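Novice: I'm passing along coords_30.tsv; it holds TSV, C-alpha atoms.
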```
chain	number	residue	atom	x	y	z
D	10	MET	CA	17.64	-9.27	-59.50
D	11	SER	CA	14.00	-8.24	-58.91
D	12	ASP	CA	14.31	-5.61	-61.69
D	13	ARG	CA	15.58	-8.31	-64.03
D	14	LEU	CA	12.78	-10.70	-63.08
D	15	GLY	CA	10.32	-7.87	-63.61
D	16	ALA	CA	11.74	-7.25	-67.10
D	17	ILE	CA	11.54	-10.97	-67.90
D	18	GLY	CA	7.95	-11.12	-66.64
D	19	GLU	CA	7.02	-8.09	-68.73
D	20	SER	CA	8.72	-9.54	-71.80
D	21	SER	CA	6.88	-12.86	-71.30
D	22	LEU	CA	3.51	-11.13	-71.07
D	23	GLN	CA	4.26	-9.03	-74.14
D	24	PHE	CA	5.30	-12.15	-76.05
D	25	PHE	CA	2.15	-14.00	-75.00
D	26	GLY	CA	-0.04	-11.01	-75.89
D	27	LYS	CA	1.61	-10.45	-79.27
D	28	MET	CA	1.28	-14.07	-80.32
D	29	THR	CA	-2.32	-14.54	-79.14
D	30	ALA	CA	-3.37	-11.24	-80.77
D	31	SER	CA	-1.84	-12.43	-84.04
D	32	ILE	CA	-3.61	-15.80	-83.72
D	33	SER	CA	-6.97	-14.10	-83.09
D	34	HIS	CA	-6.39	-11.91	-86.15
D	35	GLU	CA	-5.69	-15.00	-88.26
D	36	MET	CA	-8.84	-16.69	-86.95
D	37	LYS	CA	-10.90	-13.62	-87.84
D	38	ASN	CA	-9.54	-13.79	-91.40
D	39	VAL	CA	-10.56	-17.45	-91.63
D	40	LEU	CA	-14.04	-16.64	-90.29
D	41	ALA	CA	-14.37	-13.76	-92.76
D	42	ILE	CA	-13.63	-16.09	-95.70
D	43	ILE	CA	-16.08	-18.73	-94.44
D	44	ASN	CA	-18.67	-16.00	-93.86
D	45	GLU	CA	-18.30	-14.68	-97.43
D	46	ASN	CA	-18.56	-18.18	-98.89
D	47	ALA	CA	-21.69	-18.93	-96.85
D	48	GLY	CA	-23.09	-15.56	-97.94
D	49	LEU	CA	-22.40	-16.34	-101.60
D	50	LEU	CA	-24.16	-19.69	-101.24
D	51	GLU	CA	-27.16	-17.79	-99.88
D	52	ASP	CA	-26.98	-15.36	-102.82
D	53	LEU	CA	-26.85	-18.25	-105.31
D	54	THR	CA	-29.84	-19.90	-103.63
D	55	LEU	CA	-31.82	-16.66	-103.90
D	56	MET	CA	-30.91	-16.45	-107.58
D	57	VAL	CA	-32.38	-19.95	-108.11
D	58	ASP	CA	-35.70	-18.48	-106.91
D	59	HIS	CA	-35.34	-15.96	-109.75
D	60	GLY	CA	-34.82	-18.72	-112.30
D	61	ARG	CA	-31.02	-18.78	-112.47
D	62	PRO	CA	-29.69	-22.35	-111.93
D	63	ILE	CA	-26.69	-23.08	-109.70
D	64	ASP	CA	-23.58	-24.37	-111.43
D	65	PRO	CA	-22.51	-27.57	-109.55
D	66	GLN	CA	-18.85	-26.75	-110.30
D	67	ARG	CA	-19.28	-23.39	-108.57
D	68	LEU	CA	-20.74	-25.13	-105.50
D	69	ASN	CA	-17.81	-27.52	-105.47
D	70	THR	CA	-15.32	-24.64	-105.59
D	71	LEU	CA	-17.08	-22.92	-102.67
D	72	SER	CA	-17.11	-26.08	-100.55
D	73	GLN	CA	-13.39	-26.66	-101.33
D	74	THR	CA	-12.61	-23.12	-100.16
D	75	VAL	CA	-14.56	-23.64	-96.91
D	76	MET	CA	-12.78	-26.95	-96.27
D	77	LYS	CA	-9.40	-25.34	-96.95
D	78	GLN	CA	-10.18	-22.62	-94.40
D	79	ILE	CA	-11.34	-25.17	-91.84
D	80	ARG	CA	-8.01	-26.99	-92.22
D	81	ARG	CA	-6.25	-23.64	-91.84
D	82	ALA	CA	-8.25	-22.86	-88.67
D	83	ASP	CA	-7.46	-26.31	-87.29
D	84	THR	CA	-3.72	-25.67	-87.73
D	85	ILE	CA	-4.02	-22.23	-86.10
D	86	VAL	CA	-5.89	-23.66	-83.10
D	87	LYS	CA	-3.41	-26.55	-82.77
D	88	ASN	CA	-0.54	-24.05	-82.70
D	89	LEU	CA	-2.39	-21.97	-80.11
D	90	ASN	CA	-2.90	-25.08	-78.00
D	91	ARG	CA	0.79	-26.06	-78.23
D	92	PHE	CA	1.78	-22.49	-77.40
D	93	ALA	CA	-0.55	-22.36	-74.36
D	94	HIS	CA	0.77	-25.68	-73.06
D	95	SER	CA	4.38	-24.52	-73.41
D	96	ALA	CA	3.86	-22.71	-70.09
D	97	ASP	CA	2.48	-25.81	-68.27
D	98	LYS	CA	5.78	-27.03	-66.87
D	99	SER	CA	8.65	-24.68	-66.29
D	100	LEU	CA	11.37	-27.28	-66.92
D	101	LYS	CA	10.81	-29.91	-69.60
D	102	SER	CA	12.56	-32.03	-72.24
D	103	VAL	CA	11.79	-30.69	-75.70
D	104	ASP	CA	12.81	-31.41	-79.26
D	105	LEU	CA	14.25	-28.15	-80.64
D	106	ASN	CA	12.80	-29.07	-84.06
D	107	ASP	CA	9.29	-28.84	-82.57
D	108	THR	CA	10.00	-25.65	-80.62
D	109	LEU	CA	11.51	-23.90	-83.62
D	110	GLU	CA	8.72	-25.05	-85.93
D	111	LEU	CA	6.11	-23.68	-83.51
D	112	VAL	CA	7.84	-20.30	-83.17
D	113	VAL	CA	8.11	-20.08	-86.96
D	114	ASN	CA	4.41	-20.94	-87.37
D	115	LEU	CA	3.42	-18.33	-84.78
D	116	SER	CA	5.68	-15.72	-86.38
D	117	GLN	CA	4.59	-16.24	-90.00
D	118	ARG	CA	2.18	-13.31	-90.01
D	119	PHE	CA	4.79	-10.94	-88.54
D	120	ALA	CA	7.27	-12.13	-91.16
D	121	SER	CA	4.72	-11.68	-93.91
D	122	MET	CA	3.99	-8.10	-92.71
D	123	ARG	CA	7.69	-7.33	-93.25
D	124	SER	CA	7.82	-9.34	-96.51
D	125	VAL	CA	10.35	-11.69	-94.88
D	126	THR	CA	10.47	-15.42	-95.65
D	127	LEU	CA	11.29	-17.73	-92.75
D	128	GLU	CA	13.18	-20.87	-93.70
D	129	PRO	CA	13.36	-23.42	-90.88
D	130	LYS	CA	15.97	-26.08	-91.60
D	131	LEU	CA	14.70	-28.81	-89.29
D	132	GLN	CA	16.77	-31.93	-88.54
D	133	ARG	CA	15.58	-35.45	-89.30
D	134	ASP	CA	16.64	-36.62	-85.83
D	135	PRO	CA	15.31	-35.06	-82.63
D	136	VAL	CA	17.46	-32.36	-81.02
D	137	MET	CA	16.53	-32.89	-77.38
D	138	ILE	CA	17.30	-30.47	-74.57
D	139	LYS	CA	15.96	-29.86	-71.10
D	140	THR	CA	14.76	-26.28	-70.89
D	141	PHE	CA	12.00	-23.84	-69.97
D	142	PRO	CA	9.95	-24.12	-73.19
D	143	PHE	CA	8.04	-20.84	-72.89
D	144	VAL	CA	11.15	-18.86	-71.91
D	145	LEU	CA	13.07	-20.42	-74.80
D	146	MET	CA	10.30	-19.56	-77.26
D	147	ASN	CA	10.30	-15.98	-75.99
D	148	LEU	CA	14.07	-15.80	-76.53
D	149	ILE	CA	13.83	-17.30	-80.03
D	150	TRP	CA	11.12	-14.76	-80.89
D	151	LEU	CA	13.27	-11.81	-79.72
D	152	CYS	CA	16.20	-13.14	-81.78
D	153	LEU	CA	13.94	-13.73	-84.78
D	154	ASP	CA	12.41	-10.25	-84.49
D	155	PHE	CA	15.92	-8.81	-84.57
D	156	ALA	CA	16.98	-11.15	-87.40
D	157	MET	CA	14.02	-10.09	-89.56
D	158	ASP	CA	15.03	-6.44	-89.16
D	159	ALA	CA	18.56	-7.37	-90.24
D	160	SER	CA	17.54	-9.62	-93.14
D	161	GLY	CA	18.58	-7.10	-95.80
D	162	ASP	CA	17.35	-7.00	-99.38
D	163	ARG	CA	16.94	-10.76	-99.76
D	164	LYS	CA	14.55	-10.78	-96.79
D	165	ILE	CA	15.18	-14.38	-95.79
D	166	VAL	CA	15.93	-15.70	-92.30
D	167	GLU	CA	17.16	-19.25	-91.95
D	168	LEU	CA	16.62	-21.01	-88.61
D	169	THR	CA	18.47	-24.23	-87.84
D	170	PRO	CA	18.43	-26.36	-84.68
D	171	GLN	CA	21.71	-28.23	-84.23
D	172	LYS	CA	23.13	-30.80	-81.86
D	173	THR	CA	26.47	-29.87	-80.34
D	174	GLU	CA	28.95	-31.84	-78.25
D	175	LYS	CA	27.67	-30.30	-75.03
D	176	GLY	CA	24.00	-29.83	-75.90
D	177	ALA	CA	22.34	-27.94	-78.69
D	178	GLN	CA	22.15	-24.59	-80.45
D	179	ILE	CA	19.87	-22.56	-82.69
D	180	ARG	CA	21.40	-20.76	-85.64
D	181	LEU	CA	19.67	-17.76	-87.23
D	182	ALA	CA	21.41	-16.99	-90.49
D	183	ARG	CA	21.30	-14.92	-93.71
D	184	MET	CA	21.06	-11.64	-91.85
D	185	ASP	CA	22.47	-9.71	-94.78
D	186	SER	CA	22.29	-6.26	-93.23
D	187	LEU	CA	23.75	-7.30	-89.85
D	188	THR	CA	26.31	-4.72	-88.77
D	189	GLN	CA	28.32	-4.08	-85.63
D	190	SER	CA	26.25	-0.99	-84.83
D	191	LEU	CA	23.06	-3.07	-85.00
D	192	MET	CA	24.65	-5.63	-82.70
D	193	ASP	CA	25.46	-2.95	-80.14
D	194	ALA	CA	21.74	-2.63	-79.40
D	195	PHE	CA	21.16	-6.38	-79.17
D	196	PRO	CA	20.45	-8.22	-76.96
D	197	ALA	CA	18.57	-5.66	-74.88
D	198	GLU	CA	17.65	-6.30	-71.25
D	199	PRO	CA	14.70	-8.71	-71.67
D	200	ALA	CA	16.73	-10.97	-73.98
D	201	ARG	CA	19.78	-10.79	-71.69
D	202	GLY	CA	17.60	-11.83	-68.76
D	203	LEU	CA	16.13	-14.74	-70.74
D	204	LEU	CA	19.62	-15.84	-71.78
D	205	ASP	CA	20.72	-15.88	-68.13
D	206	LEU	CA	17.60	-17.74	-67.07
D	207	LEU	CA	18.20	-20.39	-69.72
D	208	ASN	CA	21.92	-20.41	-68.92
D	209	ALA	CA	22.35	-19.83	-72.63
D	210	GLU	CA	24.91	-17.90	-74.61
D	211	LEU	CA	24.49	-15.67	-77.64
D	212	VAL	CA	27.28	-15.79	-80.21
D	213	VAL	CA	27.16	-13.16	-82.92
D	214	SER	CA	29.15	-13.13	-86.11
D	215	VAL	CA	28.87	-10.00	-88.22
D	216	GLU	CA	31.16	-11.67	-90.81
D	217	LYS	CA	28.98	-14.79	-91.10
D	218	LYS	CA	25.79	-12.67	-90.83
D	219	GLU	CA	24.36	-14.92	-88.16
D	220	ILE	CA	23.52	-15.24	-84.49
D	221	VAL	CA	23.74	-18.51	-82.58
D	222	VAL	CA	21.91	-19.28	-79.33
D	223	LYS	CA	23.98	-21.88	-77.50
D	224	LEU	CA	21.99	-24.09	-75.14
D	225	GLU	CA	24.75	-26.17	-73.61
D	226	ARG	CA	24.15	-25.81	-69.90
D	227	SER	CA	21.17	-26.66	-67.70
D	228	PRO	CA	18.85	-23.74	-67.00
D	229	ILE	CA	18.62	-22.23	-63.55
D	230	SER	CA	15.35	-23.82	-62.45
D	231	ASN	CA	14.75	-22.03	-59.16
D	232	GLU	CA	14.78	-18.61	-60.86
D	233	CYS	CA	12.20	-19.60	-63.42
D	234	GLU	CA	9.79	-20.69	-60.71
D	235	ASN	CA	9.83	-17.06	-59.51
D	236	VAL	CA	8.98	-15.52	-62.90
A	10	MET	CA	-30.07	-8.07	-107.11
A	11	ASN	CA	-28.47	-7.62	-110.55
A	12	ALA	CA	-29.19	-3.91	-110.37
A	13	LYS	CA	-27.66	-1.55	-112.91
A	14	MET	CA	-23.83	-1.30	-112.52
A	15	SER	CA	-23.14	1.99	-110.83
A	16	GLU	CA	-20.73	2.28	-107.92
A	17	LYS	CA	-17.10	1.45	-108.54
A	18	VAL	CA	-15.15	-0.17	-105.73
A	19	LEU	CA	-11.58	-1.37	-105.20
A	20	ILE	CA	-11.06	-4.15	-102.63
A	21	VAL	CA	-7.55	-4.55	-101.22
A	22	ASP	CA	-6.70	-7.52	-98.99
A	23	ASP	CA	-3.86	-10.04	-98.94
A	24	GLU	CA	-6.43	-12.84	-98.43
A	25	GLU	CA	-7.15	-13.90	-102.01
A	26	ASP	CA	-9.99	-16.23	-100.97
A	27	PHE	CA	-11.67	-13.34	-99.17
A	28	ILE	CA	-11.55	-10.71	-101.90
A	29	SER	CA	-12.57	-13.02	-104.73
A	30	VAL	CA	-15.81	-14.05	-103.03
A	31	MET	CA	-16.55	-10.60	-101.60
A	32	ALA	CA	-16.10	-9.15	-105.10
A	33	GLU	CA	-18.50	-11.72	-106.55
A	34	ARG	CA	-21.12	-10.88	-103.90
A	35	MET	CA	-20.79	-7.17	-104.62
A	36	ARG	CA	-21.08	-7.73	-108.38
A	37	VAL	CA	-24.29	-9.67	-107.72
A	38	ARG	CA	-25.52	-6.47	-106.03
A	39	GLY	CA	-24.68	-4.37	-109.07
A	40	ILE	CA	-21.39	-2.91	-107.91
A	41	GLU	CA	-18.40	-2.74	-110.25
A	42	VAL	CA	-15.42	-4.25	-108.42
A	43	ALA	CA	-11.67	-4.39	-108.92
A	44	THR	CA	-9.40	-6.30	-106.53
A	45	THR	CA	-5.76	-6.52	-105.56
A	46	THR	CA	-3.81	-8.35	-102.87
A	47	SER	CA	-1.18	-5.66	-102.39
A	48	ALA	CA	-1.30	-2.10	-101.11
A	49	GLU	CA	1.45	-1.09	-103.57
A	50	ASP	CA	-0.76	-2.15	-106.48
A	51	ALA	CA	-3.72	-0.39	-104.89
A	52	LEU	CA	-1.78	2.89	-104.81
A	53	LYS	CA	-1.02	2.57	-108.53
A	54	MET	CA	-4.60	1.59	-109.35
A	55	VAL	CA	-6.04	4.55	-107.43
A	56	GLU	CA	-3.74	6.91	-109.32
A	57	LYS	CA	-4.80	5.52	-112.71
A	58	GLU	CA	-8.49	4.84	-112.10
A	59	SER	CA	-11.27	6.57	-110.27
A	60	TYR	CA	-13.08	4.56	-107.56
A	61	ASP	CA	-16.05	5.63	-105.48
A	62	VAL	CA	-14.81	3.65	-102.51
A	63	VAL	CA	-11.65	1.72	-101.62
A	64	ILE	CA	-12.16	-1.11	-99.13
A	65	MET	CA	-8.85	-2.02	-97.59
A	66	ASP	CA	-7.57	-4.47	-94.96
A	67	PHE	CA	-5.75	-2.95	-92.01
A	68	MET	CA	-3.06	-5.62	-91.78
A	69	MET	CA	-1.24	-6.20	-95.05
A	70	PRO	CA	2.34	-7.08	-95.98
A	71	ALA	CA	4.84	-4.31	-96.76
A	72	ILE	CA	2.44	-1.35	-96.61
A	73	ASN	CA	-0.31	-1.77	-94.02
A	74	GLY	CA	-3.80	-0.38	-94.50
A	75	PHE	CA	-3.24	2.57	-92.21
A	76	LYS	CA	-0.13	3.68	-94.11
A	77	ALA	CA	-1.87	3.08	-97.44
A	78	LEU	CA	-4.82	5.20	-96.24
A	79	LYS	CA	-2.48	8.13	-95.56
A	80	LEU	CA	-0.68	7.70	-98.90
A	81	ILE	CA	-3.93	7.57	-100.90
A	82	LYS	CA	-5.44	10.51	-99.01
A	83	ALA	CA	-2.27	12.56	-99.62
A	84	LYS	CA	-2.56	12.01	-103.38
A	85	LYS	CA	-6.33	11.83	-103.80
A	86	PRO	CA	-8.13	13.29	-100.78
A	87	GLU	CA	-11.52	12.79	-102.44
A	88	VAL	CA	-11.22	8.97	-102.42
A	89	LYS	CA	-13.42	7.41	-99.76
A	90	ILE	CA	-11.75	4.61	-97.86
A	91	ILE	CA	-13.27	1.95	-95.62
A	92	LEU	CA	-10.80	-0.06	-93.55
A	93	LEU	CA	-11.45	-3.70	-92.66
A	94	SER	CA	-9.70	-5.60	-89.93
A	95	GLY	CA	-9.81	-8.78	-87.89
A	96	ASN	CA	-9.44	-6.91	-84.65
A	97	VAL	CA	-9.52	-3.15	-84.50
A	98	PRO	CA	-8.05	-1.58	-81.37
A	99	HIS	CA	-10.09	1.52	-80.49
A	100	ASP	CA	-7.10	3.89	-80.68
A	101	LEU	CA	-6.17	2.67	-84.18
A	102	SER	CA	-9.75	2.94	-85.31
A	103	THR	CA	-9.95	6.54	-84.02
A	104	ALA	CA	-6.61	7.39	-85.64
A	105	ALA	CA	-7.83	5.97	-88.97
A	106	ILE	CA	-11.02	8.06	-88.87
A	107	GLU	CA	-8.95	11.14	-87.97
A	108	SER	CA	-6.71	10.39	-90.96
A	109	GLY	CA	-9.70	10.46	-93.27
A	110	ALA	CA	-11.12	6.93	-93.30
A	111	LEU	CA	-14.86	6.83	-93.96
A	112	ASP	CA	-15.26	3.95	-91.53
A	113	VAL	CA	-13.40	1.09	-89.83
A	114	ILE	CA	-15.29	-2.21	-89.96
A	115	GLU	CA	-14.49	-5.44	-88.15
A	116	LYS	CA	-14.24	-8.71	-90.09
A	117	PRO	CA	-16.40	-10.53	-91.02
A	118	PRO	CA	-18.31	-7.61	-92.51
A	119	ASP	CA	-22.07	-7.58	-93.07
A	120	ILE	CA	-22.37	-7.35	-96.86
A	121	GLU	CA	-25.71	-5.52	-96.87
A	122	ALA	CA	-24.46	-2.88	-94.40
A	123	LEU	CA	-21.25	-2.52	-96.40
A	124	VAL	CA	-23.13	-2.12	-99.69
A	125	GLN	CA	-25.35	0.54	-98.10
A	126	LYS	CA	-22.25	2.43	-96.94
A	127	ILE	CA	-20.77	2.21	-100.45
A	128	ARG	CA	-23.98	3.49	-102.06
A	129	LYS	CA	-24.23	6.33	-99.56
A	130	ALA	CA	-20.58	7.26	-100.10
A	131	ALA	CA	-20.91	7.13	-103.90
A	132	ALA	CA	-24.14	9.10	-104.01
A	133	PRO	CA	-23.85	12.74	-105.12
A	134	PRO	CA	-23.97	15.17	-102.18
A	135	PRO	CA	-27.46	16.51	-101.40
A	136	LYS	CA	-28.23	19.96	-102.74
A	137	ASN	CA	-27.83	22.71	-100.16
A	138	PRO	CA	-31.39	23.47	-98.87
A	139	VAL	CA	-30.39	27.03	-97.84
A	140	LYS	CA	-29.19	27.81	-101.39
A	141	LYS	CA	-32.39	26.29	-102.77
A	142	LYS	CA	-34.55	28.55	-100.55
A	143	ILE	CA	-32.58	31.64	-101.60
A	144	ALA	CA	-33.01	30.68	-105.25
A	145	GLN	CA	-36.77	30.21	-104.74
A	146	LYS	CA	-37.10	33.70	-103.11
A	147	LYS	CA	-35.34	35.28	-106.09
```
As structure tokens, what does this structure read like?

Specialist:
Amino acid sequence: MSDRLGAIGESSLQFFGKMTASISHEMKNVLAIINENAGLLEDLTLMVDHGRPIDPQRLNTLSQTVMKQIRRADTIVKNLNRFAHSADKSLKSVDLNDTLELVVNLSQRFASMRSVTLEPKLQRDPVMIKTFPFVLMNLIWLCLDFAMDASGDRKIVELTPQKTEKGAQIRLARMDSLTQSLMDAFPAEPARGLLDLLNAELVVSVEKKEIVVKLERSPISNECENV
Amino acid sequence: MNAKMSEKVLIVDDEEDFISVMAERMRVRGIEVATTTSAEDALKMVEKESYDVVIMDFMMPAINGFKALKLIKAKKPEVKIILLSGNVPHDLSTAAIESGALDVIEKPPDIEALVQKIRKAAAPPPKNPVKKKIAQKK
């Protein structure tokens, strides 16, 4: 059991590190754009000293770009804040729509690097479950990472939270290149440990090209406290 | 500013808002600039055109900057490449230099320092002083 907890702990740290590194990279991109726009404003001001007037339309475009990047930074920081707070309480009631949306937002850059489009199909009504939010997000990420690799030529992964009779489930679909041999390597130990911790079940269908994470039983709370 | 057009640079980054403004700032400094948001396009452009320096983001969709660096260097070893990145881990930075990158610069870059690097890279190599001395003796 201690080996398993160690693997879960390692996976959690890797997940946290990967996501925060990606967020810091995104923030640097935003800062770089703002920096270039501020620099161009400085250049234009210097050109006024040399008798070249500033075009007001150009100034407007620059300010629009800066405002767009500030909105982008605000979204990135909000996501970081939600992600950080997901580890506040081990066991908590969450809306799977929110959890899935956050994982998708955090994973967008990784998807973009692989030219994969993520399509979350969120429900209008809340899909509430009691779970370990951070552990669940880690599990969704591992499944999504696998799904992106198996997304085939169309390079689309569809993620859907669904209510079920006994609880809820998350469906990752359109994995066009999903084969039995790929499935033999998944889930690996960290994901298996997270599934056990969440008391969740992974159902794979090579025919339907999808994997479903079934969250229909209460998680084992005392184990999570030890992670 | 508005110096004579001389150096020719290609900027490659998937952030459209970044390359458009950086290109404008370089043009103001007399540098001829082409831009693209994809490494695949950059590879084609480098094959067709001659650039003094290619400035390329490390993290790009499909082909990342590091891979693109190796591909360009394999086809045109004379092309000088500067890599840009939000965060550059030391080992990646070292690997990039070992693979032929002229430099690895963290974002946001200092435009004046970058322009100086471009000018230095585009300048013809200094004449060999030893050869010059031999020629003078003759």

Novice: Please tabulate, as a tab-separated table, the residues of chain A that come within 9 Å of chain D, each with its closest pair of atoms and the distance in Å to one decimal, counting all atoms listed in the file and ordering rows by chain, then residue number upward.

Specialist:
```
residue	atom	partner	partner_atom	distance
A:Met10	CA	D:Met56	CA	8.4
A:Glu24	CA	D:Asn38	CA	7.7
A:Asp26	CA	D:Ile42	CA	6.4
A:Phe27	CA	D:Ile42	CA	4.8
A:Ile28	CA	D:Ile42	CA	8.5
A:Val30	CA	D:Glu45	CA	6.2
A:Met31	CA	D:Glu45	CA	6.1
A:Glu33	CA	D:Leu49	CA	7.8
A:Arg34	CA	D:Leu49	CA	6.1
A:Val37	CA	D:Asp52	CA	8.0
A:Met68	CA	D:Met122	CA	7.5
A:Met69	CA	D:Met122	CA	6.0
A:Pro70	CA	D:Met122	CA	3.8
A:Ala71	CA	D:Arg123	CA	5.4
A:Ile72	CA	D:Met122	CA	7.9
A:Asn73	CA	D:Met122	CA	7.8
A:Ser94	CA	D:His34	CA	8.1
A:Gly95	CA	D:His34	CA	5.0
A:Asn96	CA	D:His34	CA	6.0
A:Glu115	CA	D:Lys37	CA	8.9
A:Lys116	CA	D:Ala41	CA	5.7
A:Pro117	CA	D:Ala41	CA	4.2
A:Pro118	CA	D:Ala41	CA	7.3
A:Ile120	CA	D:Gly48	CA	8.3
```

Novice: Can you tell me how far atom CA of Leu153 of chain D sits from atom CA of Val136 of chain D, in Å to one decimal?

Specialist: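 A separation of 19.3 Å between them.
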
Novice: As an exercise, work out the distance from atom CA of Phe195 of chain D to atom CA of His94 of chain D in Å and give it to one decimal place.

Specialist: 28.7 Å

Novice: Please, what distance in Å, to one decimal, runs between atom CA of Arg91 of chain D and atom CA of Gly26 of chain D?

Specialist: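 The value is 15.3 Å.
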
Novice: Residues near Lys79 of chain A, anyone? I mean within 10 Å using only C-alpha atoms, not counting same-chain ones fewer than 6 positions away, as a ChimeraX atom specification.

Specialist: /A:85-86,105,108-110

Novice: List as number ranges by chain the residues having at least one atom at most 12 Å from position (8.9, -23.6, -84.7) as given in the file, counting only C-alpha atoms.

Specialist: D: 88, 91-92, 103-117, 127-131, 142, 145-147, 149-150, 153, 167-170, 179

Novice: For Asp61 of chain A, which of A:Ala83, A:Leu93, A:Ile40, A:Ile106 is the closest residue, counting all atoms listed in the file?

Specialist: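 The closest residue to Asp61 of chain A is A:Ile40.
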